[in-house]
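Here's upload25.txt, which has compact mmCIF, C-alpha atoms:
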# COMPACT_ATOMS: atom_id res chain seq x y z
CA MET A 1 0.00 0.00 0.00
CA GLN A 2 1.29 3.45 -0.91
CA GLU A 3 1.84 6.05 1.80
CA GLN A 4 -0.86 8.36 0.44
CA GLU A 5 -3.47 5.61 0.37
CA PHE A 6 -2.54 4.57 3.92
CA VAL A 7 -2.70 8.14 5.22
CA GLY A 8 -6.10 8.59 3.61
CA LEU A 9 -7.45 5.39 5.17
CA LEU A 10 -6.01 6.21 8.57
CA ASN A 11 -7.45 9.69 8.39
CA ARG A 12 -10.93 8.29 7.75
CA HIS A 13 -10.60 5.82 10.64
CA GLN A 14 -8.74 8.03 13.11
CA ASN A 15 -11.68 7.90 15.53
CA ILE A 16 -10.66 4.35 16.36
CA ILE A 17 -7.20 5.53 17.42
CA HIS A 18 -8.58 8.49 19.37
CA LYS A 19 -10.94 6.15 21.20
CA ILE A 20 -8.14 3.81 22.18
CA CYS A 21 -5.89 6.70 23.25
CA ASN A 22 -8.68 8.17 25.39
CA VAL A 23 -9.37 4.86 27.08
CA TYR A 24 -5.77 3.78 27.63
CA MET A 25 -4.10 7.09 28.52
CA GLU A 26 -4.97 9.56 31.25
CA ASP A 27 -3.18 12.67 30.07
CA VAL A 28 -2.69 14.69 26.89
CA ALA A 29 0.98 13.81 26.50
CA GLY A 30 0.18 10.12 26.88
CA ARG A 31 -2.55 10.29 24.26
CA GLU A 32 -0.25 12.13 21.86
CA ASP A 33 2.50 9.53 22.36
CA LEU A 34 0.13 6.62 21.93
CA PHE A 35 -1.51 8.14 18.83
CA GLN A 36 1.92 8.50 17.26
CA GLU A 37 2.94 4.98 18.22
CA ILE A 38 -0.25 3.42 16.85
CA THR A 39 0.16 5.35 13.59
CA LEU A 40 3.74 4.13 13.24
CA GLN A 41 2.92 0.53 14.12
CA ALA A 42 0.04 0.54 11.64
CA TRP A 43 2.34 1.89 8.93
CA LYS A 44 4.96 -0.76 9.74
CA ALA A 45 2.38 -3.55 9.66
CA VAL A 46 0.32 -2.30 6.71
CA ASN A 47 1.86 -4.83 4.34
CA ASN A 48 0.20 -7.56 6.42
CA PHE A 49 -3.21 -6.03 5.67
CA ARG A 50 -4.57 -8.30 2.98
CA GLY A 51 -7.88 -6.60 2.47
CA ASP A 52 -9.87 -9.73 3.37
CA ALA A 53 -10.88 -8.01 6.61
CA ARG A 54 -12.24 -4.50 6.99
CA PHE A 55 -9.55 -1.86 7.51
CA SER A 56 -11.28 -0.76 10.72
CA THR A 57 -11.06 -4.31 12.15
CA TRP A 58 -7.41 -4.57 11.20
CA LEU A 59 -6.70 -1.14 12.68
CA TYR A 60 -8.43 -2.09 15.92
CA ARG A 61 -6.17 -5.10 16.21
CA VAL A 62 -3.00 -3.10 15.58
CA ALA A 63 -4.09 -0.27 17.87
CA LEU A 64 -5.05 -2.59 20.72
CA ASN A 65 -1.81 -4.53 20.37
CA THR A 66 0.12 -1.27 20.53
CA ALA A 67 -1.86 0.15 23.46
CA ILE A 68 -1.60 -3.05 25.50
CA THR A 69 2.17 -3.35 25.03
CA PHE A 70 2.83 0.39 25.35
CA PHE A 71 4.89 1.35 28.38
CA ARG A 72 5.75 4.94 29.04
CA LYS A 73 8.89 5.99 30.85
CA GLN A 74 7.49 8.82 32.95
CA LYS A 75 4.24 7.42 34.18
CA ARG A 76 3.95 9.77 37.10
CA ARG A 77 4.50 12.95 35.15
CA LEU A 78 1.98 15.62 34.52
CA ARG A 79 -0.87 14.91 36.77
CA THR A 80 -1.69 18.57 36.24
CA GLU A 81 -1.59 18.11 32.50
CA THR A 82 -4.44 15.65 32.56
CA ALA A 83 -6.63 16.61 29.69
CA GLU A 84 -10.21 16.30 30.53
CA LEU A 85 -12.57 15.34 27.82
CA PRO A 86 -15.62 17.52 27.60
CA ASP A 87 -17.33 16.83 30.88
CA SER A 88 -20.96 17.39 30.26
CA ALA A 89 -21.70 15.85 33.64
CA GLU A 90 -21.32 19.32 35.07
CA GLU A 91 -24.62 20.19 33.45
CA HIS A 92 -26.34 17.72 35.80
CA ASP A 93 -27.92 15.79 33.00
CA PRO A 94 -28.58 12.37 34.60
CA VAL A 95 -27.70 10.48 31.40
CA GLU A 96 -24.47 12.41 30.99
CA GLU A 97 -23.64 11.79 34.62
CA GLN A 98 -24.19 8.08 34.13
CA VAL A 99 -22.02 8.09 31.01
CA ALA A 100 -19.27 9.97 32.84
CA ALA A 101 -19.46 7.50 35.74
CA MET A 102 -19.33 4.54 33.37
CA HIS A 103 -16.39 6.12 31.55
CA LYS A 104 -14.49 6.45 34.83
CA ALA A 105 -15.29 2.84 35.66
CA ILE A 106 -13.96 1.72 32.26
CA ALA A 107 -10.76 3.71 32.86
CA ALA A 108 -10.20 1.69 36.03
CA LEU A 109 -10.38 -1.67 34.22
CA SER A 110 -7.36 -3.77 33.26
CA LYS A 111 -5.88 -3.43 29.77
CA ILE A 112 -7.58 -6.61 28.53
CA ASP A 113 -10.96 -5.69 29.99
CA LYS A 114 -10.73 -2.26 28.35
CA ALA A 115 -10.12 -3.95 24.99
CA LEU A 116 -13.13 -6.22 25.53
CA VAL A 117 -15.40 -3.29 26.39
CA MET A 118 -14.26 -1.22 23.42
CA LEU A 119 -14.84 -4.02 20.93
CA TYR A 120 -18.16 -4.87 22.54
CA LEU A 121 -19.29 -1.25 22.26
CA GLU A 122 -18.38 -1.39 18.56
CA ASP A 123 -20.86 -4.26 18.19
CA TYR A 124 -18.30 -6.85 17.19
CA SER A 125 -19.50 -10.41 17.74
CA TYR A 126 -17.84 -12.55 20.42
CA LYS A 127 -16.30 -14.60 17.61
CA ASP A 128 -14.73 -11.49 16.04
CA ILE A 129 -13.55 -10.21 19.42
CA GLY A 130 -12.04 -13.62 20.12
CA GLU A 131 -10.21 -13.59 16.78
CA MET A 132 -8.81 -10.12 17.42
CA LEU A 133 -7.67 -10.92 20.94
CA GLY A 134 -6.57 -14.50 20.24
CA ILE A 135 -9.01 -16.25 22.60
CA THR A 136 -12.14 -18.34 22.07
CA ALA A 137 -15.63 -16.85 21.73
CA ASN A 138 -16.64 -18.74 24.88
CA ASN A 139 -13.80 -17.16 26.81
CA VAL A 140 -14.91 -13.75 25.51
CA ALA A 141 -18.46 -14.41 26.70
CA VAL A 142 -17.28 -15.43 30.17
CA LYS A 143 -14.97 -12.44 30.48
CA MET A 144 -17.60 -10.05 29.15
CA ASN A 145 -20.13 -11.17 31.76
CA ARG A 146 -17.54 -10.59 34.45
CA VAL A 147 -16.62 -7.16 33.06
CA LYS A 148 -20.26 -6.08 32.90
CA ALA A 149 -20.78 -7.03 36.52
CA LYS A 150 -17.58 -5.26 37.52
CA LEU A 151 -18.61 -2.11 35.65
CA LYS A 152 -22.05 -2.09 37.20
CA GLU A 153 -20.53 -2.25 40.65
CA GLU A 154 -17.73 0.22 39.93
CA THR A 155 -20.07 2.79 38.32
CA LEU A 156 -22.03 3.06 41.55
CA LYS A 157 -18.95 4.57 43.17
CA TYR A 158 -19.24 7.56 40.85
CA TYR A 159 -22.97 7.82 40.33
CA GLN A 160 -25.83 7.15 42.69
CA PRO A 161 -29.20 7.32 40.96
CA ALA A 162 -31.66 9.53 42.81
CA ASN A 163 -34.74 7.58 43.89
CA MET B 1 -27.08 1.11 35.07
CA GLU B 2 -25.92 -1.33 32.40
CA LEU B 3 -23.18 -1.07 29.80
CA ASP B 4 -25.64 -1.85 27.00
CA GLU B 5 -27.95 1.03 27.94
CA LEU B 6 -25.18 3.57 27.45
CA LYS B 7 -23.55 2.08 24.36
CA GLN B 8 -24.01 4.95 21.95
CA ALA B 9 -23.31 7.74 24.42
CA LEU B 10 -20.19 5.96 25.64
CA ASN B 11 -18.95 5.45 22.10
CA GLN B 12 -19.33 9.16 21.43
CA ARG B 13 -17.60 10.14 24.64
CA MET B 14 -14.71 7.77 24.02
CA ALA B 15 -14.07 9.17 20.57
CA ALA B 16 -14.24 12.80 21.75
CA VAL B 17 -11.14 14.80 20.85
CA PRO B 18 -10.36 18.50 20.86
CA ALA B 19 -9.49 18.38 17.14
CA GLN B 20 -9.25 15.77 14.42
CA ARG B 21 -5.87 15.36 12.74
CA SER B 22 -5.34 16.30 9.14
CA GLU B 23 -3.68 14.05 6.56
CA LYS B 24 -0.64 16.31 6.78
CA ASP B 25 -0.41 15.73 10.56
CA ILE B 26 -0.58 11.97 10.01
CA GLU B 27 2.07 12.13 7.29
CA SER B 28 4.43 13.98 9.61
CA LEU B 29 3.90 11.33 12.31
CA LEU B 30 5.19 8.68 9.91
CA GLU B 31 8.59 10.37 9.91
CA SER B 32 9.13 9.93 13.65
CA ASP B 33 10.66 6.94 15.38
CA THR B 34 8.72 4.28 17.23
CA VAL B 35 9.22 3.88 21.00
CA SER B 36 7.91 0.33 21.20
CA LEU B 37 9.42 -2.39 23.35
CA VAL B 38 10.61 -4.24 20.24
CA GLN B 39 12.38 -1.10 19.05
CA LYS B 40 14.09 -0.72 22.43
CA LEU B 41 15.24 -4.33 22.20
CA ARG B 42 16.45 -3.83 18.62
CA ARG B 43 18.49 -0.81 19.73
CA SER B 44 20.12 -2.86 22.51
CA ILE B 45 20.94 -5.68 20.09
CA TRP B 46 22.38 -3.26 17.53
CA LEU B 47 24.55 -1.67 20.19
CA GLU B 48 25.85 -5.05 21.33
CA MET B 49 26.51 -6.06 17.73
CA LEU B 50 28.54 -2.89 17.20
CA VAL B 51 30.54 -3.54 20.37
CA SER B 52 31.16 -7.15 19.26
CA VAL B 53 32.27 -6.03 15.79
CA ALA B 54 34.60 -3.41 17.30
CA PHE B 55 36.00 -6.05 19.66
CA THR B 56 36.58 -8.48 16.76
CA LEU B 57 38.32 -5.74 14.75
CA PHE B 58 40.49 -4.95 17.76
CA CYS B 59 41.46 -8.65 17.98
CA ALA B 60 42.25 -8.70 14.25
CA ALA B 61 44.41 -5.57 14.60
CA MET B 62 46.31 -7.06 17.54
CA LEU B 63 46.84 -10.23 15.53
CA LEU B 64 48.39 -8.25 12.69
CA LEU B 65 50.45 -5.88 14.83
CA ASP B 66 51.95 -8.36 17.27
CA ASP B 67 53.80 -11.53 16.35
CA THR B 68 54.14 -13.01 19.83
CA TRP B 69 52.84 -16.60 19.81
CA VAL B 70 50.72 -16.21 22.95
CA TYR B 71 49.00 -13.04 21.71
CA ASN B 72 48.42 -14.56 18.29
CA VAL B 73 46.67 -17.62 19.70
CA TYR B 74 44.74 -15.55 22.25
CA PHE B 75 43.43 -12.91 19.85
CA SER B 76 42.65 -15.44 17.09
CA ILE B 77 40.42 -17.48 19.36
CA ILE B 78 38.82 -14.53 21.15
CA GLY B 79 38.22 -12.89 17.73
CA VAL B 80 36.37 -16.00 16.56
CA VAL B 81 34.26 -15.85 19.75
CA GLY B 82 33.49 -12.19 18.86
CA ILE B 83 32.26 -13.29 15.43
CA ALA B 84 30.09 -15.98 17.07
CA PHE B 85 28.58 -13.24 19.27
CA VAL B 86 27.72 -11.19 16.20
CA ILE B 87 26.00 -14.18 14.56
CA VAL B 88 23.91 -14.97 17.66
CA LEU B 89 22.93 -11.31 18.01
CA TYR B 90 22.03 -11.08 14.33
CA LEU B 91 19.74 -14.11 14.64
CA LEU B 92 18.06 -12.46 17.62
CA LEU B 93 17.66 -9.25 15.63
CA ARG B 94 15.95 -11.18 12.85
CA LYS B 95 13.59 -12.71 15.38
CA THR B 96 12.41 -9.25 16.44
CA ALA B 97 11.02 -8.78 12.93
CA THR B 98 8.60 -11.68 13.46
CA VAL B 99 6.72 -9.74 16.15
CA SER B 100 3.92 -7.89 14.43
CA ALA B 101 1.17 -5.69 15.82
CA SER B 102 -1.27 -7.15 13.30
CA THR B 103 -1.36 -10.60 14.92
CA PRO B 104 -4.00 -11.45 17.56
CA VAL B 105 -3.22 -9.63 20.81
CA LYS B 106 -2.54 -12.69 22.96
CA GLN B 107 -0.19 -14.18 20.38
CA ASN B 108 1.64 -10.87 20.06
CA VAL B 109 2.12 -10.53 23.82
CA GLU B 110 3.32 -14.15 24.06
CA SER B 111 5.85 -13.58 21.24
CA LEU B 112 7.12 -10.48 23.01
CA VAL B 113 7.58 -12.34 26.30
CA ALA B 114 9.38 -15.20 24.52
CA LEU B 115 11.63 -12.76 22.66
CA LEU B 116 12.55 -10.76 25.77
CA LYS B 117 13.25 -13.93 27.74
CA GLU B 118 15.43 -15.34 24.98
CA TYR B 119 17.38 -12.10 24.78
CA MET B 120 17.93 -12.06 28.55
CA ARG B 121 18.97 -15.73 28.56
CA ARG B 122 21.41 -15.33 25.65
CA TYR B 123 22.89 -12.16 27.11
CA LEU B 124 23.51 -13.90 30.42
CA GLN B 125 24.93 -17.01 28.77
CA LEU B 126 27.27 -15.12 26.45
CA THR B 127 28.66 -12.70 28.99
CA LEU B 128 29.10 -15.30 31.70
CA LEU B 129 30.67 -17.84 29.41
CA LEU B 130 33.22 -15.41 28.05
CA MET B 131 34.66 -14.19 31.32
CA PRO B 132 35.83 -17.50 32.94
CA ALA B 133 36.81 -18.82 29.50
CA CYS B 134 39.11 -15.80 29.00
CA PHE B 135 40.68 -16.17 32.45
CA VAL B 136 41.35 -19.89 32.12
CA PHE B 137 42.58 -19.51 28.56
CA THR B 138 44.92 -16.64 29.49
CA ALA B 139 46.35 -18.64 32.40
CA TRP B 140 46.83 -21.75 30.24
CA LEU B 141 48.51 -19.75 27.48
CA SER B 142 50.89 -17.94 29.82
CA TYR B 143 51.85 -21.23 31.38
CA ASN B 144 52.48 -22.83 27.99
CA ASP B 145 54.24 -19.87 26.39
CA PRO B 146 57.15 -21.44 24.43
CA GLY B 147 59.22 -18.29 25.02
CA LYS B 148 59.24 -18.88 28.77
CA VAL B 149 61.17 -21.39 30.86
CA PRO B 150 58.56 -23.78 32.29
CA LYS B 151 58.03 -23.43 36.02
CA PRO B 152 56.71 -26.09 38.37
CA VAL B 153 52.94 -25.86 38.99
CA ASP B 154 52.25 -23.65 41.97
CA TRP B 155 49.01 -25.12 43.30
CA GLU B 156 48.63 -22.48 45.98
CA THR B 157 48.61 -19.65 43.42
CA ILE B 158 46.21 -21.61 41.21
CA GLY B 159 43.93 -22.07 44.22
CA TYR B 160 43.92 -18.32 44.99
CA LEU B 161 43.33 -17.44 41.35
CA SER B 162 40.47 -19.93 41.05
CA ALA B 163 38.84 -18.61 44.23
CA GLY B 164 39.23 -15.03 42.96
CA LEU B 165 37.78 -16.00 39.59
CA LEU B 166 34.83 -17.72 41.27
CA VAL B 167 34.08 -14.60 43.33
CA VAL B 168 34.30 -12.37 40.24
CA VAL B 169 32.10 -14.68 38.15
CA VAL B 170 29.46 -15.04 40.86
CA GLY B 171 29.47 -11.27 41.42
CA PHE B 172 29.27 -10.65 37.70
CA TYR B 173 26.43 -13.17 37.35
CA TYR B 174 24.31 -11.35 39.93
CA PHE B 175 25.22 -7.94 38.51
CA THR B 176 24.23 -9.03 34.96
CA ARG B 177 20.98 -10.53 36.21
CA TRP B 178 20.20 -7.33 38.09
CA TYR B 179 21.03 -5.21 35.02
CA LEU B 180 18.89 -7.33 32.68
CA TRP B 181 16.04 -7.37 35.14
CA LYS B 182 16.24 -3.58 35.49
CA MET B 183 16.21 -3.16 31.71
CA TYR B 184 13.52 -5.68 30.77
CA GLY B 185 12.31 -7.52 33.86
CA GLY B 186 9.49 -5.09 34.60
CA TYR B 187 8.15 -5.43 31.04
CA VAL B 188 8.34 -9.23 31.18
CA ARG B 189 6.43 -9.27 34.46
CA GLN B 190 3.68 -6.97 33.15
CA LEU B 191 3.36 -8.86 29.87
CA GLU B 192 3.21 -12.21 31.67
CA ARG B 193 0.43 -10.81 33.84
CA ILE B 194 -1.48 -9.93 30.64
CA VAL B 195 -1.01 -13.46 29.25
CA HIS B 196 -2.16 -14.87 32.58
CA GLU B 197 -5.26 -12.67 32.45
CA PHE B 198 -6.03 -13.93 28.94
CA ASP B 199 -5.80 -17.53 30.16
CA GLU B 200 -8.16 -16.99 33.07
CA SER B 201 -11.63 -18.26 32.36

What does the file become when written as structure tokens?
Amino acid sequence: MQEQEFVGLLNRHQNIIHKICNVYMEDVAGREDLFQEITLQAWKAVNNFRGDARFSTWLYRVALNTAITFFRKQKRRLRTETAELPDSAEEHDPVEEQVAAMHKAIAALSKIDKALVMLYLEDYSYKDIGEMLGITANNVAVKMNRVKAKLKEETLKYYQPAN
Amino acid sequence: MELDELKQALNQRMAAVPAQRSEKDIESLLESDTVSLVQKLRRSIWLEMLVSVAFTLFCAAMLLLDDTWVYNVYFSIIGVVGIAFVIVLYLLLRKTATVSASTPVKQNVESLVALLKEYMRRYLQLTLLLMPACFVFTAWLSYNDPGKVPKPVDWETIGYLSAGLLVVVVGFYYFTRWYLWKMYGGYVRQLERIVHEFDES
């Protein structure tokens, strides 16, 4: 694949990378670093993209692989630099508050559980998720049930519905 | 509150960014260098290959410049060991190319763990093998130098030298293990934890 074609495809699917950076990194610098790393890894691996899968599926696999094996040197730096995503929860919209609470709960999950949630939210089947992660569909189902229960419990720490 | 109820809103929130990147931004990112674990390992291997090549060249130069029998034998054999180092390191370098981010995640993490462990094992083996081999070889050569009048074997001196060598080798073994663990041990531990999490059912 030529560089121009790759850049065009990546540009159209950059939301996938942004999503992964937002979920896996807490601060702006971390997201920038991870975005760059995913872009580079995708470019290095693009010759393995045979076109029999969708580019978005292939990109998810590359991006998740990169995010899961990405270790930053200065993990403790820049607590102050933490870039907050638009926090509509301040508007006291109950749905937004729930979403914000769920988002915080997802951020607290392990790297593998984060990957499962992201792919699940993208409506991939358990079989597809299993293929991307390298585990069986049954294992995905078991893990997903556990993650859902964990999220439900964890979300309550950040949001208590008014009765 | 269930994950499924908030699917769409969560998807939107996760993808939220201050600004999308242009094609030009993405193009410029392709010019930078990766900071992946594999790249770090490749840099280490390249550095060790360069040191081994420099060492072999030094041995070759000594071989050409000096015509003492002992030096000639010593630097010929140690030079060959240097070449063997380069070959082993090159094979390891080629193995790093087999790790690809487009394979399934679990397989990729397992390959990384295997690669890091092999590198650490080889590094330990090569460095630890060379040091006692050099000492023993040097002692044997000096004793058998045809230019010298043979002396009777002084077992006391040999005992002291062997004890000293043992202390140095043991110390060096622990130092190398500590160094390797500091460089890559943390990564191996974290990656193994990920593999373990994958295997949990």

| query | Rounded to one decimal in Å, what is the spacing between atom CA of B:Ala84 and atom CA of B:Cys59? | reply | 13.6 Å

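Using all atoms listed in the file, one finds that the residues of chain A close to chain B, at 6 Å or less, are Asn15, His18, Lys19, Glu37, Leu40, Val62, Asn65, Leu121, Met132, Leu133 and Gly134 of chain A.
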
Please dump the current selection as an mmCIF file, keeping the file's coordinate frame; keep C-alpha atoms.
data_model
loop_
_atom_site.group_PDB
_atom_site.id
_atom_site.type_symbol
_atom_site.label_atom_id
_atom_site.label_comp_id
_atom_site.auth_asym_id
_atom_site.auth_seq_id
_atom_site.Cartn_x
_atom_site.Cartn_y
_atom_site.Cartn_z
ATOM 1 C CA ASN A 15 -11.680 7.900 15.530
ATOM 2 C CA HIS A 18 -8.580 8.490 19.370
ATOM 3 C CA LYS A 19 -10.940 6.150 21.200
ATOM 4 C CA GLU A 37 2.940 4.980 18.220
ATOM 5 C CA LEU A 40 3.740 4.130 13.240
ATOM 6 C CA VAL A 62 -3.000 -3.100 15.580
ATOM 7 C CA ASN A 65 -1.810 -4.530 20.370
ATOM 8 C CA LEU A 121 -19.290 -1.250 22.260
ATOM 9 C CA MET A 132 -8.810 -10.120 17.420
ATOM 10 C CA LEU A 133 -7.670 -10.920 20.940
ATOM 11 C CA GLY A 134 -6.570 -14.500 20.240
#

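Atom CA of B:Tyr179 lies 28.8 Å from atom CA of B:Ala139.
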
| task | Fewer than 2 positions away in the same chain doesn't count, so skip those; otherwise give me all residues within 12 Å of B:Trp46, counting all atoms listed in the file, as an MDAnalysis selection string. | result | chainID B and resid 39:44 48:53 85:94 96

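Using all atoms listed in the file for every distance, the candidate list B:Lys117, B:Glu156, B:Ser142, B:Gly185 yields B:Ser142 as the residue closest to B:Tyr74.
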
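Residue nearest B:Ala97 within the list B:Leu115, B:Ala133, B:Val169, B:Val81: B:Leu115 [criterion: smallest interatomic distance, all atoms listed in the file].
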
| message | So, with only C-alpha atoms as the atoms that count, which of A:Val23, A:Ala53, A:Ala67, A:Val99 lies closest to A:Ile38? | response | A:Ala67

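With all atoms listed in the file as the basis for measurement, A:Lys127 is the residue among A:Lys114, A:Lys152, A:Lys127, A:Arg72 that approaches A:Val140 most closely.
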
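Coordinates place atom CA of A:Arg61 at a distance of 13.7 Å from atom CA of A:Lys111.
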
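Between A:Leu151 and the candidates A:Gln98, A:Thr57, A:Gln4, A:Thr39, the tightest atom-to-atom separation, counting all atoms listed in the file, involves A:Gln98.
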
Output file request: stretch 12-33 of chain A, with N, CA and C atoms, as a compact mmCIF listing (two decimals), in the first residue's frame.
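Output file part36.txt is given in full below:
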# COMPACT_ATOMS: atom_id res chain seq x y z
N ARG A 12 -9.49 8.58 7.67
CA ARG A 12 -10.93 8.29 7.75
C ARG A 12 -11.28 7.48 8.99
N HIS A 13 -10.31 6.68 9.48
CA HIS A 13 -10.60 5.82 10.64
C HIS A 13 -9.92 6.31 11.91
N GLN A 14 -9.52 7.56 11.96
CA GLN A 14 -8.74 8.03 13.11
C GLN A 14 -9.53 8.01 14.42
N ASN A 15 -10.87 7.97 14.31
CA ASN A 15 -11.68 7.90 15.53
C ASN A 15 -11.33 6.66 16.36
N ILE A 16 -11.02 5.59 15.66
CA ILE A 16 -10.66 4.35 16.36
C ILE A 16 -9.42 4.60 17.24
N ILE A 17 -8.44 5.27 16.66
CA ILE A 17 -7.20 5.53 17.42
C ILE A 17 -7.48 6.50 18.57
N HIS A 18 -8.26 7.54 18.30
CA HIS A 18 -8.58 8.49 19.37
C HIS A 18 -9.27 7.78 20.53
N LYS A 19 -10.21 6.89 20.17
CA LYS A 19 -10.94 6.15 21.20
C LYS A 19 -9.97 5.37 22.08
N ILE A 20 -9.09 4.65 21.43
CA ILE A 20 -8.14 3.81 22.18
C ILE A 20 -7.21 4.69 23.03
N CYS A 21 -6.78 5.80 22.47
CA CYS A 21 -5.89 6.70 23.25
C CYS A 21 -6.63 7.25 24.46
N ASN A 22 -7.90 7.62 24.27
CA ASN A 22 -8.68 8.17 25.39
C ASN A 22 -8.90 7.14 26.49
N VAL A 23 -9.09 5.90 26.08
CA VAL A 23 -9.37 4.86 27.08
C VAL A 23 -8.09 4.41 27.79
N TYR A 24 -6.99 4.34 27.04
CA TYR A 24 -5.77 3.78 27.63
C TYR A 24 -4.84 4.82 28.28
N MET A 25 -5.01 6.09 27.97
CA MET A 25 -4.10 7.09 28.52
C MET A 25 -4.86 8.17 29.28
N GLU A 26 -4.28 8.58 30.40
CA GLU A 26 -4.97 9.56 31.25
C GLU A 26 -4.73 11.00 30.81
N ASP A 27 -3.53 11.27 30.33
CA ASP A 27 -3.18 12.67 30.07
C ASP A 27 -2.91 12.96 28.60
N VAL A 28 -2.85 14.25 28.29
CA VAL A 28 -2.69 14.69 26.89
C VAL A 28 -1.41 14.12 26.28
N ALA A 29 -0.31 14.26 27.03
CA ALA A 29 0.98 13.81 26.50
C ALA A 29 0.93 12.31 26.19
N GLY A 30 0.30 11.57 27.07
CA GLY A 30 0.18 10.12 26.88
C GLY A 30 -0.61 9.79 25.63
N ARG A 31 -1.70 10.54 25.44
CA ARG A 31 -2.55 10.29 24.26
C ARG A 31 -1.80 10.63 22.98
N GLU A 32 -1.04 11.73 23.04
CA GLU A 32 -0.25 12.13 21.86
C GLU A 32 0.76 11.03 21.52
N ASP A 33 1.47 10.56 22.57
CA ASP A 33 2.50 9.53 22.36
C ASP A 33 1.88 8.25 21.79
